[in-house]
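Chemist: So that we are looking at the same thing, I have put the structure below in structure tokens.
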Amino acid sequence: MDEFAVSYLMHSDAFRAAMANGCRYTNLTAMDVQMLVATVGRPDFQGVIRLGKALVALLEAADEVRITSANGTDLVGRNGDRPINLRGKPAEKPGETVMLSGQISWNPLEETQDGVLVFDGALWPPDELGLLRTPVRRTVEKGVVTKIEGDADADTFRRWMESFDDPNMFRVAHWSLGFNPGVLAPTGRIVEDERVFGCVELGIGTKGAWIGGEPWVAAAHTDGSILGPSIYLDGVAIEENGRYVHPELVAICRDLGVAGY
């Protein structure tokens with residue numbers, strides 16, 4: 001099943017029932033012709049898969065992951081034995097959930113996730129947001145968002161989060177890396193925005209069982225992105241200010257014809 005709906009079924013009871021009955025699912029939320037060309041038509045799909053597998057291998061070999069950016073993000077977590085999931089690939093078995101190409105996802109051990117998370121690319125839902133006009137700053141303590149700060153967009157987001165009166169809405173559900181070479185800037189369509197080349201994206205709220213570790217259900221799920229991040233694995237940079245610097249990643253980017261490599 002390919003899902004194109006903007007208000008997606010993913011994370012709903014209907015979705016979970018379909019998966020339990022063997023449905024193979026691909027999330028293509030808000031797909032239109034422009035998005036199809038940018039994310040599927042232009043990129044070398046097998047090359048993007050190769051880049052994803054290289055990122056997975058690097059993360060599997062690391063414990064501590066640190067994400068920083070010029071906007072104030074400084075977030076740390078430890079992987080432990082959690083799986084690193086290549087999400088943008090074909091659904092190869094019944095009951096498998098996959099996403100648009102150009103993303104890997106995992107969730108470090110919840111109790112190790114601490115720091116500051118500043119979304120400055122896109123953030124959705126709520127429907128009032130999408131492309132961010134002003135950064136949304138969050139404090140994360142042991143995998144839980146304990147403070148939301150910023151200007152108008154942060155106020156909108158805080159009100160939406162608090163409206164559910166659900167503690168699970170404030171739990172970090174996954175960390176993701178975006179690397180689709182056809183997406184160089186956010187557009188306001190979150191599934192595309194999660195795959196901006198070189199971005200980091202985090203999900204908050206409902207956590208799917210496929211991610212690894214304890215799953216949980218919240219009233220909703222929201223995703224936001226960080227542009228131009230730096231990523232350190234056990235203290236060694238694999239990306240600096242939005243540009244991959246690990247030699248293997250650089251070589252793949254050159255093969256893909258990514259500008260600047």
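By order of appearance in the structure tokens: chains A, B, ..., then residues from 1 within every chain, and ligands from 1 in the order shown.
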Tell me, as a list in words, which residues lie within 12 Å of Thr156 (chain A), counting only C-alpha atoms; anything in the same chain fewer than 3 positions away does not count.
Modeler: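 After dropping sequence-adjacent residues, the list is Leu123, Trp124, Pro125, Pro126, Asp127, Glu128, Leu129, Gly130, Leu132, Arg133, Thr134, Pro135, Val136, Ile148, Glu149, Gly150, Asp151, Ala152, Asp153, Arg159, Trp160, Met161, Glu162 and Ser163 of chain A.
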Chemist: Go ahead and write the selection's residues with C-alpha atoms as a compact mmCIF listing (two decimals), in the first residue's frame.
Modeler:
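What follows is the written file part-v4.txt:
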```txt
# COMPACT_ATOMS: atom_id res chain seq x y z
CA LEU A 123 8.06 21.02 11.70
CA TRP A 124 4.72 19.25 11.16
CA PRO A 125 2.11 18.71 12.55
CA PRO A 126 0.34 20.93 13.67
CA ASP A 127 -1.17 22.09 10.39
CA GLU A 128 -0.35 25.74 11.23
CA LEU A 129 3.32 24.91 10.80
CA GLY A 130 5.37 23.29 8.04
CA LEU A 132 9.47 27.23 9.99
CA ARG A 133 9.68 31.01 10.08
CA THR A 134 11.49 31.04 13.44
CA PRO A 135 13.44 28.27 15.22
CA VAL A 136 11.73 26.07 17.79
CA ILE A 148 9.76 24.47 24.34
CA GLU A 149 11.08 27.98 23.63
CA GLY A 150 11.11 30.47 20.78
CA ASP A 151 8.88 32.97 19.05
CA ALA A 152 5.51 32.58 17.30
CA ASP A 153 6.16 29.13 15.79
CA ARG A 159 0.00 24.94 22.54
CA TRP A 160 -0.58 22.03 20.18
CA MET A 161 1.58 19.68 22.22
CA GLU A 162 -0.01 20.65 25.51
CA SER A 163 -3.55 20.37 24.10
```
Chemist: Skip region 227-242 of chain A itself and residues of its chain fewer than 6 positions away, then list as a PyMOL selection string all residues within 7 Å of it, counting only C-alpha atoms.
Modeler: chain A and resi 62-69+120-121+198-200
Chemist: Identify, on the basis of only C-alpha atoms, every residue whose closest approach to Ile104 (chain A) does not exceed 7 Å; exclude the query and any residue fewer than 2 positions from it along the same chain; express the result as a list in words.
Modeler: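 The contact residues come out as Gly52, Asn85, Leu86, Arg87, Ser176 and Leu177 of chain A.
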Chemist: With only C-alpha atoms as the counted atoms, please give the residues lying no more than 12 Å from Ala173 (chain A), apart from itself and same-chain residues fewer than 3 positions off, as a PyMOL selection string.
Modeler: chain A and resi 11+105-110+113+143-145+168-170+176+201-218+220-224
Chemist: Atoms to include: C-alpha atoms. Write the selected residues as a PDB file, in the first residue's frame.
Modeler:
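What ended up in part.pdb:
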```pdb
ATOM      1  CA  HIS A  11       0.524   5.423  13.642  1.00  0.00           C
ATOM      2  CA  SER A 105      16.060   6.079  11.520  1.00  0.00           C
ATOM      3  CA  TRP A 106      16.764   4.746  15.003  1.00  0.00           C
ATOM      4  CA  ASN A 107      16.271   5.772  18.606  1.00  0.00           C
ATOM      5  CA  PRO A 108      19.192   5.888  21.040  1.00  0.00           C
ATOM      6  CA  LEU A 109      18.561   4.575  24.532  1.00  0.00           C
ATOM      7  CA  GLU A 110      15.934   6.939  25.890  1.00  0.00           C
ATOM      8  CA  GLN A 113      19.209  11.404  25.303  1.00  0.00           C
ATOM      9  CA  GLY A 143      14.528  11.323  26.108  1.00  0.00           C
ATOM     10  CA  VAL A 144      11.712  13.679  27.121  1.00  0.00           C
ATOM     11  CA  VAL A 145      11.076  17.230  25.888  1.00  0.00           C
ATOM     12  CA  ASN A 168       3.891  10.420  25.775  1.00  0.00           C
ATOM     13  CA  MET A 169       3.567  13.320  23.326  1.00  0.00           C
ATOM     14  CA  PHE A 170       6.784  14.737  24.793  1.00  0.00           C
ATOM     15  CA  SER A 176      16.748  10.218  11.570  1.00  0.00           C
ATOM     16  CA  GLU A 201      15.280  14.936  11.743  1.00  0.00           C
ATOM     17  CA  LEU A 202      13.659  13.847  14.995  1.00  0.00           C
ATOM     18  CA  GLY A 203      10.208  12.473  15.684  1.00  0.00           C
ATOM     19  CA  ILE A 204       8.300  13.044  18.916  1.00  0.00           C
ATOM     20  CA  GLY A 205       5.187  11.256  20.160  1.00  0.00           C
ATOM     21  CA  THR A 206       4.104   7.756  19.118  1.00  0.00           C
ATOM     22  CA  LYS A 207       7.041   5.382  18.678  1.00  0.00           C
ATOM     23  CA  GLY A 208       6.641   2.472  16.248  1.00  0.00           C
ATOM     24  CA  ALA A 209       7.804  -1.000  17.209  1.00  0.00           C
ATOM     25  CA  TRP A 210      10.080  -1.198  14.134  1.00  0.00           C
ATOM     26  CA  ILE A 211      12.396   1.499  15.539  1.00  0.00           C
ATOM     27  CA  GLY A 212      13.776  -0.725  18.288  1.00  0.00           C
ATOM     28  CA  GLY A 213      13.445  -0.681  22.038  1.00  0.00           C
ATOM     29  CA  GLU A 214      10.172  -0.082  23.839  1.00  0.00           C
ATOM     30  CA  PRO A 215       7.355   1.166  21.576  1.00  0.00           C
ATOM     31  CA  TRP A 216       4.594   3.434  22.903  1.00  0.00           C
ATOM     32  CA  VAL A 217       1.422   5.095  21.704  1.00  0.00           C
ATOM     33  CA  ALA A 218       0.763   8.835  22.072  1.00  0.00           C
ATOM     34  CA  ALA A 220      -0.101  11.984  17.797  1.00  0.00           C
ATOM     35  CA  HIS A 221       3.358  12.068  16.235  1.00  0.00           C
ATOM     36  CA  THR A 222       5.275  15.099  14.972  1.00  0.00           C
ATOM     37  CA  ASP A 223       8.543  15.508  13.049  1.00  0.00           C
ATOM     38  CA  GLY A 224      11.018  18.375  12.784  1.00  0.00           C
TER      39      GLY A 224
END
```
Chemist: Within 9 Å of Glu60 (chain A), counting only C-alpha atoms, which residues qualify if same-chain residues fewer than 5 places away don't, as a compact mmCIF listing (two decimals) with C-alpha atoms, in the first residue's frame?
Modeler:
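Generated file (selection-v3.txt):
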```txt
# COMPACT_ATOMS: atom_id res chain seq x y z
CA LEU A 55 25.54 5.61 7.19
CA ASN A 79 22.92 3.68 20.74
CA ASP A 81 22.39 -2.35 20.93
CA ARG A 82 19.52 -0.55 19.21
CA PRO A 83 19.02 -1.30 15.48
CA ILE A 84 19.75 1.33 12.82
```
Chemist: Counting only C-alpha atoms, what is within 10 Å of region 12-20 of chain A, bar same-chain residues fewer than 3 positions away, as a list in words?
Modeler: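 Surrounding residues, per the criterion: Met1, Tyr8, Leu9, Cys23, Arg24, Tyr25, Pro94, Gly95, Glu96, Thr97, Thr206, Gly208, Val217, Ala219 and Ala220 of chain A.
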Chemist: Running DSSP on the backbone, which parts of region 13-260 of chain A land in alpha helix (DSSP H), as a PyMOL selection string?
Modeler: chain A and resi 13-20+33-36+45-60+152-163+190-193+247-256
Chemist: Smallest atom-to-atom distance to Arg42 (chain A): which of A:Glu194, A:Glu111, A:Leu117, A:Val183, using only C-alpha atoms?
Modeler: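 Under the stated criterion, the closest residue is A:Val183.
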Chemist: Which neighbours of Arg195 (chain A) fall inside 10 Å, counting only C-alpha atoms, when residues of the same chain fewer than 5 positions from it are skipped, and could you give them as a list in words?
Modeler: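 So, after excluding close chain neighbours, the residues are Thr39, Gly88, Leu100, Ser101, Gly102, Gln103, Ile104, Ser176, Leu177, Gly178, Phe179, Asn180, Pro181, Gly182, Val183, Leu184, Ala185, Pro186, Ile190, Val200, Glu201 and Ser225 of chain A.
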